[in-house]
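Structure first, then comments.
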Amino acid sequence: MQRIPLKLAQPGMVLAKEAVTSEGQVLCGAGTTLSQEILARLAKQEVLTLTVEGHPVSMPGEKTLPEKLKELDLRFSKVKDDPVLRALKTLIAEFWIIQEKGEDFLKNLKKGKAG
Amino acid sequence: MKREEIRQRLKEVQSLPTLPPIVSKLNQMVSDEDVTAVKLGRIIEKDQVLTSKLLKMVNSSFFGFPQRISTVSNAIVLLGFNVIKTLIVTSSIFEVMQASDIGLFEHSLGCATAAGLVAKKLGIKNPEEVSTAGLIHDLGKIVLRAEMPQEYELVVETAAKRQQYMREVEQEALGIGHGEIGGILARQWNLPERLVYPIEYHHRPEASPDYADVSAIIHFSDIVIRALGFGFGGDKWVPPLDHQAWSRIKLGKTQMRQLLEELDEKLMELQDFTLDIQQDKKESA
């Protein structure tokens, strides 16, 4: 899933989380497929950001998954020998992979490694 | 520069965070047992600028209150006076930080968020106070930067050049680390020990004379937030984990996954919050 400014939302995108106003009022539920009409209504209610399924928009300055994972590695380079921190690093990497590619992708990735 | 010289200079630190005069008045009032949140709130609310800053902070996502807090006395009841006092004392510091070092500001907000979530998971009382400790854990860096900009720059540059942790370079070049510096200042401002110790000992939490649980949480939250690469804490590396401190926290895999998920959402909200603040600044400038 990806959080994007409403301005970049397009019809056809699917909400991964409910759309809420800054006052906390829920306007559409998760799973809603966005239409031109819904987008106009959200704009009227001053919704600023939406969380949508997948990773449909590439934001300026946003890092790709491989870049993120590489930097993650670098940040952990001084504590490689610590088993707890190694586990933390793996959890973060898995979290990002699932977020971008979905649960199945990670499962297949793990299977591939094992096989 | 030597350690003693720095300690001396810290005593004279007045230029940076001009402590609002309201703080000493509040301190006096709090020592009076009859004082109520409503009375305290009324005093604070006389200062409109301070009030609006305060309400913005208490309503930001790192405390994570579901409903909006709209009055200062309400904030005192919900968050406790220690939290409100700390936010008042440090409000001008955070202004300095927003202007000069947005990376460190984000790192601090991130750490506050993580610390609050961990504290709640562990069932620690007054998790908002733990959040606040996270918010100001790098106080020493802010002071160093504002009071001794040349030394600060040298430390950051040397750390990057030699690929060292910032605090290692601080010890070598200044004879004192940012933890200790922050602790000295926090004590000077009469912040409660539950906040002073975590600032002072966030890199060696087990040396914390008291509140070792809070120090351990700040230690770990600093690690998690650096691991995620949120904000910039002066150098880019994940610091070593104190395993004795970890044994006080010891979240399992499921809990850790949950933490990452909760954190992800809150950190996105925080980015909106910092953008918002910067936007306000531009508009008022």
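Numbering starts fresh at 1 for the residues of each chain in the structure tokens, the chains themselves are lettered A, B, ... in the order given, and ligands are numbered from 1 as they appear.
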
Write out as a PDB file with C-alpha atoms, in the first residue's frame every residue belonging to chain B that has an atom at most 10 Å from any atom of chain A, counting only C-alpha atoms.
ATOM      1  CA  PRO B  66      -7.985   9.608  19.633  1.00  0.00           C
ATOM      2  CA  GLN B  67      -9.942  12.733  20.547  1.00  0.00           C
ATOM      3  CA  ARG B  68      -8.789  16.317  20.102  1.00  0.00           C
ATOM      4  CA  GLN B 163      32.604   6.488   9.629  1.00  0.00           C
ATOM      5  CA  GLN B 164      32.238   6.687  13.384  1.00  0.00           C
ATOM      6  CA  TYR B 165      29.313   7.152  15.707  1.00  0.00           C
ATOM      7  CA  ILE B 223      17.659   2.174  17.578  1.00  0.00           C
ATOM      8  CA  VAL B 224      14.362   1.351  15.870  1.00  0.00           C
ATOM      9  CA  ARG B 226      17.436   4.922  13.109  1.00  0.00           C
ATOM     10  CA  ALA B 227      16.977   1.433  11.720  1.00  0.00           C
ATOM     11  CA  LEU B 228      13.955   2.661   9.769  1.00  0.00           C
ATOM     12  CA  GLY B 229      15.970   5.616   8.483  1.00  0.00           C
ATOM     13  CA  ASP B 235      25.167   9.899  11.944  1.00  0.00           C
ATOM     14  CA  LYS B 236      23.548   7.222   9.865  1.00  0.00           C
ATOM     15  CA  TRP B 237      24.322   4.064  11.810  1.00  0.00           C
ATOM     16  CA  VAL B 238      22.178   1.943  14.046  1.00  0.00           C
ATOM     17  CA  PRO B 239      23.773   2.110  17.508  1.00  0.00           C
ATOM     18  CA  PRO B 240      24.714  -1.042  19.406  1.00  0.00           C
ATOM     19  CA  LEU B 241      21.994  -2.621  21.526  1.00  0.00           C
ATOM     20  CA  HIS B 243      21.233  -6.599  25.819  1.00  0.00           C
ATOM     21  CA  TRP B 246      16.683  -5.348  25.817  1.00  0.00           C
ATOM     22  CA  LYS B 250      12.005  -8.234  24.798  1.00  0.00           C
ATOM     23  CA  LYS B 253       8.402 -11.321  16.589  1.00  0.00           C
ATOM     24  CA  THR B 254       4.656 -10.831  16.441  1.00  0.00           C
ATOM     25  CA  MET B 256       7.680  -6.372  16.759  1.00  0.00           C
ATOM     26  CA  ARG B 257       5.753  -6.753  13.497  1.00  0.00           C
ATOM     27  CA  LEU B 260       6.501  -1.715  12.836  1.00  0.00           C
ATOM     28  CA  GLU B 261       3.010  -1.537  11.439  1.00  0.00           C
ATOM     29  CA  ASP B 264       4.640   3.089   9.883  1.00  0.00           C
ATOM     30  CA  GLU B 265       1.227   4.671  10.070  1.00  0.00           C
ATOM     31  CA  MET B 268       3.427   8.986   7.863  1.00  0.00           C
ATOM     32  CA  GLU B 269       1.188  11.202   9.960  1.00  0.00           C
ATOM     33  CA  ASP B 272       2.254  15.572   7.527  1.00  0.00           C
TER      34      ASP B 272
END

Quiz prompt | Surrounding residues of Pro192 of chain B excluding itself and chain neighbours under 2 positions, 10 Å, only C-alpha atoms, as a ChimeraX atom specification | solution = /B:82-83,85-86,186-187,189-190,194-197

Let's have the selection written as a PDB file, in the first residue's frame, with C-alpha atoms.
ATOM      1  CA  ASN B  82       5.420  16.785  33.810  1.00  0.00           C
ATOM      2  CA  VAL B  83       4.701  16.388  30.140  1.00  0.00           C
ATOM      3  CA  LYS B  85       5.962  21.465  31.713  1.00  0.00           C
ATOM      4  CA  THR B  86       8.572  19.738  29.566  1.00  0.00           C
ATOM      5  CA  ALA B 186      17.529  18.980  31.843  1.00  0.00           C
ATOM      6  CA  ARG B 187      18.539  18.964  35.494  1.00  0.00           C
ATOM      7  CA  TRP B 189      15.708  23.179  34.194  1.00  0.00           C
ATOM      8  CA  ASN B 190      14.336  21.045  37.003  1.00  0.00           C
ATOM      9  CA  ARG B 194      11.984  10.181  34.945  1.00  0.00           C
ATOM     10  CA  LEU B 195      12.890  12.434  32.015  1.00  0.00           C
ATOM     11  CA  VAL B 196      16.442  13.405  33.006  1.00  0.00           C
ATOM     12  CA  TYR B 197      17.826   9.866  33.304  1.00  0.00           C
TER      13      TYR B 197
END

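When atom CA of Ser31 of chain B is paired with atom CA of Asn59 of chain B, their separation reads 27.1 Å.
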
Quiz prompt | Backbone-only DSSP, strand (DSSP E) members of chain A, as a PyMOL selection string | solution = chain A and resi 2-5+19-20+26-28+49-52

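Going from atom CA of Gly80 of chain B over to atom CA of Leu122 of chain B, you cover 19.3 Å.
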
Practice problem: Per DSSP on the backbone, filter segment 15-166 of chain B down to the residues in alpha helix (DSSP H) and report them as a ChimeraX atom specification. | Solution: /B:22-31,37-45,48-58,72-79,81-100,102-122,127-135,139-147,149-162,166

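For Thr33 of chain A, the list of residues within 8 Å, based on only C-alpha atoms and with local chain neighbours fewer than 5 positions off taken out, reads Pro11, Gly12, Met13, Val14 and Leu15 of chain A.
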
Generate a file of the selected residues that holds N, CA and C atoms, formatted as a PDB file, in the first residue's frame.
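File produced: out_11.pdb:
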ATOM      1  N   PRO A  11      -8.823   7.592 -10.784  1.00  0.00           N
ATOM      2  CA  PRO A  11      -9.901   6.609 -10.806  1.00  0.00           C
ATOM      3  C   PRO A  11      -9.320   5.224 -11.077  1.00  0.00           C
ATOM      4  N   GLY A  12      -9.877   4.216 -10.423  1.00  0.00           N
ATOM      5  CA  GLY A  12      -9.382   2.864 -10.614  1.00  0.00           C
ATOM      6  C   GLY A  12      -8.494   2.391  -9.470  1.00  0.00           C
ATOM      7  N   MET A  13      -7.870   3.339  -8.769  1.00  0.00           N
ATOM      8  CA  MET A  13      -7.060   2.943  -7.608  1.00  0.00           C
ATOM      9  C   MET A  13      -7.992   2.437  -6.503  1.00  0.00           C
ATOM     10  N   VAL A  14      -7.461   1.518  -5.678  1.00  0.00           N
ATOM     11  CA  VAL A  14      -8.286   0.924  -4.618  1.00  0.00           C
ATOM     12  C   VAL A  14      -7.781   1.389  -3.249  1.00  0.00           C
ATOM     13  N   LEU A  15      -8.693   1.840  -2.399  1.00  0.00           N
ATOM     14  CA  LEU A  15      -8.295   2.296  -1.061  1.00  0.00           C
ATOM     15  C   LEU A  15      -7.829   1.117  -0.210  1.00  0.00           C
TER      16      LEU A  15
END

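Atom CA of Val169 of chain B lies 11.3 Å from atom CA of Gly234 of chain B.
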
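Shortest separation to Phe94 of chain B among B:His203, B:Leu139, B:Lys282, B:Lys125 occurs at residue B:Leu139, atoms counted being only C-alpha atoms.
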
Practice problem: List the neighbours of Ala114 of chain B out to 10 Å using only C-alpha atoms; skip same-chain residues closer than 5 positions along the sequence, and give me the result as a PyMOL selection string. | Solution: chain B and resi 62+108-109+119-120+130-131+134-135+217-218+220-225+259-260+262-264+266-267
